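A short write-up of the structure that comes next.
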There are 2 protein chains.
Amino acid sequence: MTSEQDRSTAGSEPVVISIDAMGGDQGPSAVIAGIAQSAQKNPDIRFILHGDVAELKRLASKRGVARHLEGRCTFRQADDVVTMADKPSQVMRHGRSTSMWSALDSVRDGEATVAVSCGNTGALMALSMVRLRKLPGVNRPAIAVLWPSRNPHGFNIMLDVGADIRADAEDLLQYALMGASYARNGLALDRPRVGLLNVGTEEHKGRAELKAAHDLMAAGAGGANYEFVGFVEGGDIPGDRADVIVTDGFTGNIALKTGEGTASLIGALLREAFAYSFLSRIASLLALTSLKRLQKRIDPRRVNGGVFLGLNGTVVKSHGAADATGISAAVKLAYRLAESGFSDRLAARVASAAELAHDAPKAADPATGKDGTHS
Amino acid sequence: MTSEQDRSTAGSEPVVISIDAMGGDQGPSAVIAGIAQSAQKNPDIRFILHGDVAELKRLASKRGVARHLEGRCTFRQADDVVTMADKPSQVMRHGRSTSMWSALDSVRDGEATVAVSCGNTGALMALSMVRLRKLPGVNRPAIAVLWPSRNPHGFNIMLDVGADIRADAEDLLQYALMGASYARNGLALDRPRVGLLNVGTEEHKGRAELKAAHDLMAAGAGGANYEFVGFVEGGDIPGDRADVIVTDGFTGNIALKTGEGTASLIGALLREAFAYSFLSRIASLLALTSLKRLQKRIDPRRVNGGVFLGLNGTVVKSHGAADATGISAAVKLAYRLAESGFSDRLAARVASAAELAHDAPKAADPATGKDGTHS
């Protein structure tokens, strides 16, 4: 989905991704299988793998994966693993020897451009703040997800889905800038449409901080190269009115989990409906191709990866339960962002956010994105 | 779904429902067709119809509906109609001659037990507050909806979905009491499980007012005859961990619309998948029975009706776009609540809320609901 202009900025020099190989529900074997899938498809990719080196080397030399990974992995020993039950505060204090810490330090030290982890989200965000630090000008980092939608490119971006439960008007403006930058670099949209989540689309509705954010986002749109479509509603998250949906982490987390829960309930009811009688079982066999086509479209494994925005460096959070396909999707996303120079573009964009917010909107030039300045 | 004990409390004397016959997207003919469906199924129901009496009488005397409605309708002339575009504040000041105002006044004056309208939600809530007034002890009324779920009874109750964008800890406790009362009377659950919506299930997570509400709801559970299951997440709204999900109107409205939007996107993708090729079209014909079974289960027309809670009298808000089946579902809900004496039970429950909140939890007796005291 990345445009040619984007690709040309990176050329074909290898892109290095730092991988926290431990801490996922399915263990390091799923991680190795996933990165092997990515390596097979993409000759430009290299990995730094963090974890139990003996175990990782053993897995990487197995038949089937060895030929894809040969000469493309560096290994870093980390004795400990962050578990799903670990409290973020504990990990911040005592997590120095974990694979998560080590994976982030490869980005911090400039060895890798993007880090990928399927570990504990709270701990990963807390460690990312400590090891990578917030970008100058960013008060609250955010987690952005891709959401299946009616848009031609198939996905919308929503942020924040849970990095912080609070966000004031200035934070929401920064989410708009960061989300738009992600849409330009991750979805190759030249001038993304940004909407602010509210309980109605009328300008007089909603909480006071939303009205203030509305005005800031409208004023910032011209200079920051996005189109502000105003307030959007819950129904627009999977819709086609906006490409980027901005909200606070409390609301975004609830919307994300409500959407996932609804999709999962419908899936269960669909299976139940088809299992009802002998005839409906036959029907489901015949309908299998159609249902598989649908499943592929909304398969959460294929849109795997929440992206942490607003840090010095990019972190992709894969689902804890991700299998090889899921890991490979997260690595693909990490590669696309690394290759487009996303981290630097985002940093440049956020650095000028304060001025942008107070600038008068400039005349928008839809061609601006075409000359390679997808910042 | 109502238990025998509930029915016996009302006996078989007729239940009168006040109907705002105007203001829906499909006009009064859908309303008349819908109430005729209800009248046909239920001999104990009577209607007061508000609107253009000449038109309503003409529609009610048509072949097909006349024999069901004969002798069971009273008509009240109202010259004006609240439109979807009308601002709530305007309607409050100048809406005296509308069918919505008139329909609420029938409940206010004790002629009818429950009012049903498919008009403008904001105007209906504003007028309901003015004409029916809040129950003593209620600070913020709420709108509750039924949400398809994995629970055996097929639905969960969520409130508030948009009556007010704010709610403090005391308001959330009242939502818990009102929602539990609705679950006892509307879903015939003796001791509903109530959950408080948050971004995680751990007790240390979330906003300060949620922690305060958590403690109030835990303390109030024993005396108010519900089981408090603690914090629940977005995924639990269609799940089976709780029967009643409590949240503020901002979050609830976004969750509701996100769920609806997700279901609608999946429906569209499903149709697309089946329309893809000649073979998949044949498959869809064979799968039709199964798909219809699913559709019936999650058909929004069959769970039509947001209930306004916390007023002196009950108001059922039907979808603006409801057709005859949708109207009939809203009337059925209104009947069930009227017949169980819901308004009075809820009022009694809320009146003692303040004391309950400060009482020590009493030993819960699961049999309490069985003796007919479903308050």
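The chains in the structure tokens are called A, B, ... from first to last as shown; in each chain the residues are counted from 1, and the ligands are counted from 1 in the order shown.
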Filtered DSSP result for segment 72-230 of chain A, state strand (DSSP E), as a ChimeraX atom specification: /A:73-77,114-117,142-148,155-159,193-197,227-230
Dump of N, CA and C atoms for the selected residues, as a PDB file, in the first residue's frame:
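The result, written out as out_22.pdb:
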ATOM      1  N   CYS A  73      19.794 -12.660  11.019  1.00  0.00           N
ATOM      2  CA  CYS A  73      19.419 -12.411  12.419  1.00  0.00           C
ATOM      3  C   CYS A  73      20.663 -12.145  13.280  1.00  0.00           C
ATOM      4  N   THR A  74      20.540 -11.197  14.193  1.00  0.00           N
ATOM      5  CA  THR A  74      21.513 -10.987  15.257  1.00  0.00           C
ATOM      6  C   THR A  74      20.810 -11.379  16.550  1.00  0.00           C
ATOM      7  N   PHE A  75      21.530 -11.981  17.491  1.00  0.00           N
ATOM      8  CA  PHE A  75      20.893 -12.452  18.724  1.00  0.00           C
ATOM      9  C   PHE A  75      21.425 -11.689  19.928  1.00  0.00           C
ATOM     10  N   ARG A  76      20.527 -11.337  20.857  1.00  0.00           N
ATOM     11  CA  ARG A  76      20.931 -10.674  22.101  1.00  0.00           C
ATOM     12  C   ARG A  76      20.352 -11.428  23.288  1.00  0.00           C
ATOM     13  N   GLN A  77      21.237 -11.832  24.196  1.00  0.00           N
ATOM     14  CA  GLN A  77      20.787 -12.579  25.367  1.00  0.00           C
ATOM     15  C   GLN A  77      20.006 -11.689  26.340  1.00  0.00           C
ATOM     16  N   VAL A 114      12.532   0.086  14.342  1.00  0.00           N
ATOM     17  CA  VAL A 114      11.241  -0.188  14.971  1.00  0.00           C
ATOM     18  C   VAL A 114      11.391  -1.431  15.841  1.00  0.00           C
ATOM     19  N   ALA A 115      10.696  -1.444  17.005  1.00  0.00           N
ATOM     20  CA  ALA A 115      10.676  -2.639  17.858  1.00  0.00           C
ATOM     21  C   ALA A 115       9.304  -3.294  17.782  1.00  0.00           C
ATOM     22  N   VAL A 116       9.292  -4.623  17.823  1.00  0.00           N
ATOM     23  CA  VAL A 116       8.041  -5.387  17.819  1.00  0.00           C
ATOM     24  C   VAL A 116       8.021  -6.286  19.048  1.00  0.00           C
ATOM     25  N   SER A 117       6.873  -6.277  19.781  1.00  0.00           N
ATOM     26  CA  SER A 117       6.746  -7.148  20.949  1.00  0.00           C
ATOM     27  C   SER A 117       5.319  -7.677  21.024  1.00  0.00           C
ATOM     28  N   ALA A 142       0.373   7.801  22.416  1.00  0.00           N
ATOM     29  CA  ALA A 142      -0.898   7.139  22.131  1.00  0.00           C
ATOM     30  C   ALA A 142      -0.644   5.800  21.465  1.00  0.00           C
ATOM     31  N   ILE A 143      -1.638   4.900  21.571  1.00  0.00           N
ATOM     32  CA  ILE A 143      -1.596   3.637  20.828  1.00  0.00           C
ATOM     33  C   ILE A 143      -2.626   3.730  19.710  1.00  0.00           C
ATOM     34  N   ALA A 144      -2.168   3.511  18.476  1.00  0.00           N
ATOM     35  CA  ALA A 144      -3.069   3.564  17.320  1.00  0.00           C
ATOM     36  C   ALA A 144      -3.286   2.166  16.771  1.00  0.00           C
ATOM     37  N   VAL A 145      -4.551   1.856  16.390  1.00  0.00           N
ATOM     38  CA  VAL A 145      -4.826   0.560  15.756  1.00  0.00           C
ATOM     39  C   VAL A 145      -5.452   0.769  14.387  1.00  0.00           C
ATOM     40  N   LEU A 146      -5.331  -0.253  13.543  1.00  0.00           N
ATOM     41  CA  LEU A 146      -6.031  -0.294  12.259  1.00  0.00           C
ATOM     42  C   LEU A 146      -7.367  -0.992  12.489  1.00  0.00           C
ATOM     43  N   TRP A 147      -8.445  -0.425  11.964  1.00  0.00           N
ATOM     44  CA  TRP A 147      -9.799  -0.943  12.188  1.00  0.00           C
ATOM     45  C   TRP A 147     -10.422  -1.240  10.826  1.00  0.00           C
ATOM     46  N   PRO A 148     -10.899  -2.458  10.565  1.00  0.00           N
ATOM     47  CA  PRO A 148     -11.543  -2.753   9.277  1.00  0.00           C
ATOM     48  C   PRO A 148     -12.669  -1.750   9.020  1.00  0.00           C
ATOM     49  N   PHE A 155      -9.168   0.005   5.820  1.00  0.00           N
ATOM     50  CA  PHE A 155      -8.923   0.210   7.247  1.00  0.00           C
ATOM     51  C   PHE A 155      -9.017   1.672   7.622  1.00  0.00           C
ATOM     52  N   ASN A 156      -9.442   1.906   8.832  1.00  0.00           N
ATOM     53  CA  ASN A 156      -9.285   3.227   9.436  1.00  0.00           C
ATOM     54  C   ASN A 156      -8.277   3.116  10.569  1.00  0.00           C
ATOM     55  N   ILE A 157      -7.744   4.267  10.966  1.00  0.00           N
ATOM     56  CA  ILE A 157      -6.832   4.325  12.101  1.00  0.00           C
ATOM     57  C   ILE A 157      -7.577   4.955  13.273  1.00  0.00           C
ATOM     58  N   MET A 158      -7.523   4.313  14.444  1.00  0.00           N
ATOM     59  CA  MET A 158      -8.098   4.949  15.622  1.00  0.00           C
ATOM     60  C   MET A 158      -7.032   5.084  16.693  1.00  0.00           C
ATOM     61  N   LEU A 159      -7.004   6.245  17.345  1.00  0.00           N
ATOM     62  CA  LEU A 159      -6.108   6.458  18.480  1.00  0.00           C
ATOM     63  C   LEU A 159      -6.728   7.482  19.429  1.00  0.00           C
ATOM     64  N   ARG A 193      -8.355  12.144   6.063  1.00  0.00           N
ATOM     65  CA  ARG A 193      -9.480  12.839   6.701  1.00  0.00           C
ATOM     66  C   ARG A 193      -9.503  12.439   8.171  1.00  0.00           C
ATOM     67  N   VAL A 194      -9.469  13.435   9.043  1.00  0.00           N
ATOM     68  CA  VAL A 194      -9.408  13.187  10.485  1.00  0.00           C
ATOM     69  C   VAL A 194     -10.735  13.589  11.127  1.00  0.00           C
ATOM     70  N   GLY A 195     -11.302  12.710  11.948  1.00  0.00           N
ATOM     71  CA  GLY A 195     -12.531  13.016  12.680  1.00  0.00           C
ATOM     72  C   GLY A 195     -12.314  12.898  14.181  1.00  0.00           C
ATOM     73  N   LEU A 196     -13.065  13.663  14.944  1.00  0.00           N
ATOM     74  CA  LEU A 196     -12.960  13.647  16.414  1.00  0.00           C
ATOM     75  C   LEU A 196     -14.198  12.937  16.969  1.00  0.00           C
ATOM     76  N   LEU A 197     -13.989  11.874  17.730  1.00  0.00           N
ATOM     77  CA  LEU A 197     -15.095  11.039  18.212  1.00  0.00           C
ATOM     78  C   LEU A 197     -15.933  11.779  19.256  1.00  0.00           C
ATOM     79  N   GLU A 227      -7.328  16.682   6.313  1.00  0.00           N
ATOM     80  CA  GLU A 227      -8.631  17.312   6.198  1.00  0.00           C
ATOM     81  C   GLU A 227      -9.395  17.021   7.473  1.00  0.00           C
ATOM     82  N   PHE A 228      -9.905  18.051   8.130  1.00  0.00           N
ATOM     83  CA  PHE A 228     -10.646  17.826   9.364  1.00  0.00           C
ATOM     84  C   PHE A 228     -12.137  17.715   9.045  1.00  0.00           C
ATOM     85  N   VAL A 229     -12.721  16.553   9.311  1.00  0.00           N
ATOM     86  CA  VAL A 229     -14.142  16.359   8.974  1.00  0.00           C
ATOM     87  C   VAL A 229     -15.052  16.647  10.166  1.00  0.00           C
ATOM     88  N   GLY A 230     -14.493  17.143  11.279  1.00  0.00           N
ATOM     89  CA  GLY A 230     -15.316  17.512  12.433  1.00  0.00           C
ATOM     90  C   GLY A 230     -15.619  16.317  13.323  1.00  0.00           C
TER      91      GLY A 230
END
Distance query Gly326 of chain B at most 12 Å, only C-alpha atoms, self and fewer than 2 positions along chain excluded, as a ChimeraX atom specification: /B:24,26,30-35,37-38,116-118,299-306,317-324,328-333
Long-range neighbours of Leu309 of chain B as an MDAnalysis selection string, 10 Å cut-off, only C-alpha atoms, 5 positions minimum in chain: chainID B and resid 134:135 138 140:144 159:160 163 174:175 178:179 181:182 314:316 343 346:347
Non-local contacts of Pro136 of chain A (10 Å; only C-alpha atoms; under 2 positions in same chain excluded) as a tab-separated table (two decimals) with C-alpha atoms, in the first residue's frame:
chain	number	residue	atom	x	y	z
A	133	ARG	CA	11.31	8.92	26.11
A	134	LYS	CA	8.53	11.08	24.75
A	138	VAL	CA	4.33	15.35	23.17
A	139	ASN	CA	2.56	15.25	26.52
A	310	GLY	CA	4.81	10.01	20.29
A	311	LEU	CA	8.10	8.38	21.35
A	312	ASN	CA	11.67	8.68	20.06
A	347	ALA	CA	9.06	13.82	15.09
A	348	ALA	CA	9.39	16.72	12.65
A	350	VAL	CA	5.08	17.07	16.19
A	351	ALA	CA	7.94	19.53	16.78
Within 7 Å of Arg72 of chain A using only C-alpha atoms, minus same-chain residues under 2 positions, as a list in words: Arg46, Phe47, Leu69, Glu70 and Thr74 of chain A
How about saving the chosen residues, all heavy atoms kept, as a PDB file, in the first residue's frame?
ATOM      1  N   ARG A  46      16.049  -7.257   8.086  1.00  0.00           N
ATOM      2  CA  ARG A  46      16.982  -7.897   9.021  1.00  0.00           C
ATOM      3  C   ARG A  46      16.382  -7.849  10.416  1.00  0.00           C
ATOM      4  O   ARG A  46      15.566  -6.978  10.700  1.00  0.00           O
ATOM      5  CB  ARG A  46      18.333  -7.148   9.051  1.00  0.00           C
ATOM      6  CG  ARG A  46      19.066  -7.095   7.718  1.00  0.00           C
ATOM      7  CD  ARG A  46      19.634  -8.436   7.299  1.00  0.00           C
ATOM      8  NE  ARG A  46      20.335  -8.347   6.026  1.00  0.00           N
ATOM      9  CZ  ARG A  46      19.730  -8.433   4.828  1.00  0.00           C
ATOM     10  NH1 ARG A  46      18.432  -8.605   4.742  1.00  0.00           N
ATOM     11  NH2 ARG A  46      20.442  -8.349   3.725  1.00  0.00           N
ATOM     12  N   PHE A  47      16.835  -8.758  11.305  1.00  0.00           N
ATOM     13  CA  PHE A  47      16.256  -8.810  12.647  1.00  0.00           C
ATOM     14  C   PHE A  47      17.316  -8.798  13.740  1.00  0.00           C
ATOM     15  O   PHE A  47      18.382  -9.405  13.571  1.00  0.00           O
ATOM     16  CB  PHE A  47      15.432 -10.085  12.840  1.00  0.00           C
ATOM     17  CG  PHE A  47      14.318 -10.238  11.830  1.00  0.00           C
ATOM     18  CD1 PHE A  47      14.477 -11.062  10.724  1.00  0.00           C
ATOM     19  CD2 PHE A  47      13.125  -9.547  11.991  1.00  0.00           C
ATOM     20  CE1 PHE A  47      13.463 -11.191   9.786  1.00  0.00           C
ATOM     21  CE2 PHE A  47      12.101  -9.668  11.056  1.00  0.00           C
ATOM     22  CZ  PHE A  47      12.276 -10.492   9.949  1.00  0.00           C
ATOM     23  N   LEU A  69      16.050 -17.385   7.262  1.00  0.00           N
ATOM     24  CA  LEU A  69      16.642 -16.535   8.308  1.00  0.00           C
ATOM     25  C   LEU A  69      18.164 -16.502   8.264  1.00  0.00           C
ATOM     26  O   LEU A  69      18.788 -15.631   8.875  1.00  0.00           O
ATOM     27  CB  LEU A  69      16.158 -17.002   9.689  1.00  0.00           C
ATOM     28  CG  LEU A  69      14.649 -16.853   9.931  1.00  0.00           C
ATOM     29  CD1 LEU A  69      14.260 -17.414  11.296  1.00  0.00           C
ATOM     30  CD2 LEU A  69      14.221 -15.389   9.817  1.00  0.00           C
ATOM     31  N   GLU A  70      18.757 -17.409   7.524  1.00  0.00           N
ATOM     32  CA  GLU A  70      20.212 -17.545   7.401  1.00  0.00           C
ATOM     33  C   GLU A  70      20.890 -16.186   7.156  1.00  0.00           C
ATOM     34  O   GLU A  70      20.595 -15.517   6.166  1.00  0.00           O
ATOM     35  CB  GLU A  70      20.514 -18.505   6.233  1.00  0.00           C
ATOM     36  CG  GLU A  70      21.978 -18.793   5.980  1.00  0.00           C
ATOM     37  CD  GLU A  70      22.595 -19.623   7.130  1.00  0.00           C
ATOM     38  OE1 GLU A  70      21.974 -20.630   7.527  1.00  0.00           O
ATOM     39  OE2 GLU A  70      23.667 -19.230   7.623  1.00  0.00           O
ATOM     40  N   THR A  74      20.540 -11.197  14.193  1.00  0.00           N
ATOM     41  CA  THR A  74      21.513 -10.987  15.257  1.00  0.00           C
ATOM     42  C   THR A  74      20.810 -11.379  16.550  1.00  0.00           C
ATOM     43  O   THR A  74      19.606 -11.151  16.673  1.00  0.00           O
ATOM     44  CB  THR A  74      21.925  -9.503  15.295  1.00  0.00           C
ATOM     45  OG1 THR A  74      22.294  -9.116  13.982  1.00  0.00           O
ATOM     46  CG2 THR A  74      23.056  -9.258  16.256  1.00  0.00           C
TER      47      THR A  74
END
Polymer residues at most 7 Å from Phe250 of chain A, only C-alpha atoms, same-chain spacing of 3 or more positions, as JSON, numbers by chain: {"A": [162, 165, 166, 253, 254], "B": [199]}
Can those selected residues be exported to a file as a PDB file, in the first residue's frame so that it contains N, CA and C atoms?
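The result, written out as selection31.pdb:
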ATOM      1  N   GLY A 162      -5.716   3.303  24.466  1.00  0.00           N
ATOM      2  CA  GLY A 162      -5.471   2.884  25.828  1.00  0.00           C
ATOM      3  C   GLY A 162      -4.096   3.171  26.417  1.00  0.00           C
ATOM      4  N   ILE A 165      -5.657   7.100  30.018  1.00  0.00           N
ATOM      5  CA  ILE A 165      -7.116   7.214  30.087  1.00  0.00           C
ATOM      6  C   ILE A 165      -7.589   8.665  29.997  1.00  0.00           C
ATOM      7  N   ARG A 166      -6.671   9.617  30.048  1.00  0.00           N
ATOM      8  CA  ARG A 166      -7.039  11.031  29.948  1.00  0.00           C
ATOM      9  C   ARG A 166      -6.447  11.636  28.681  1.00  0.00           C
ATOM     10  N   ASN A 253     -10.361   2.636  24.086  1.00  0.00           N
ATOM     11  CA  ASN A 253     -10.210   1.258  24.548  1.00  0.00           C
ATOM     12  C   ASN A 253     -11.569   0.571  24.627  1.00  0.00           C
ATOM     13  N   ILE A 254     -12.577   1.292  25.141  1.00  0.00           N
ATOM     14  CA  ILE A 254     -13.915   0.698  25.247  1.00  0.00           C
ATOM     15  C   ILE A 254     -14.503   0.444  23.862  1.00  0.00           C
TER      16      ILE A 254
ATOM     17  N   VAL B 199     -11.676   0.288  31.553  1.00  0.00           N
ATOM     18  CA  VAL B 199     -10.673  -0.145  30.580  1.00  0.00           C
ATOM     19  C   VAL B 199      -9.885  -1.364  31.037  1.00  0.00           C
TER      20      VAL B 199
END
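Counting only C-alpha atoms, Leu132 of chain A has the following residues at most 8 Å away, ignoring those fewer than 4 positions along the same chain: Leu104, Asp105, Val107, Arg108, Ser128, Leu311, Asn312 and Gly313 of chain A.
Taking atom CA of Met100 of chain A as the reference point, atom CA of Gly71 of chain A is found at 23.0 Å.
Counting only C-alpha atoms and comparing B:Glu202, B:Asp243, B:Glu13, B:Glu339, the residue that lies closest to chain A is B:Glu202.
Interatomic distance, atom CA of His94 of chain B to atom CA of Arg131 of chain B: 13.2 Å.
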Filtered DSSP result for segment 172-272 of chain B, state helix (DSSP H, G or I), as a PyMOL selection string: chain B and resi 172-186+208-224+234-236+249-272
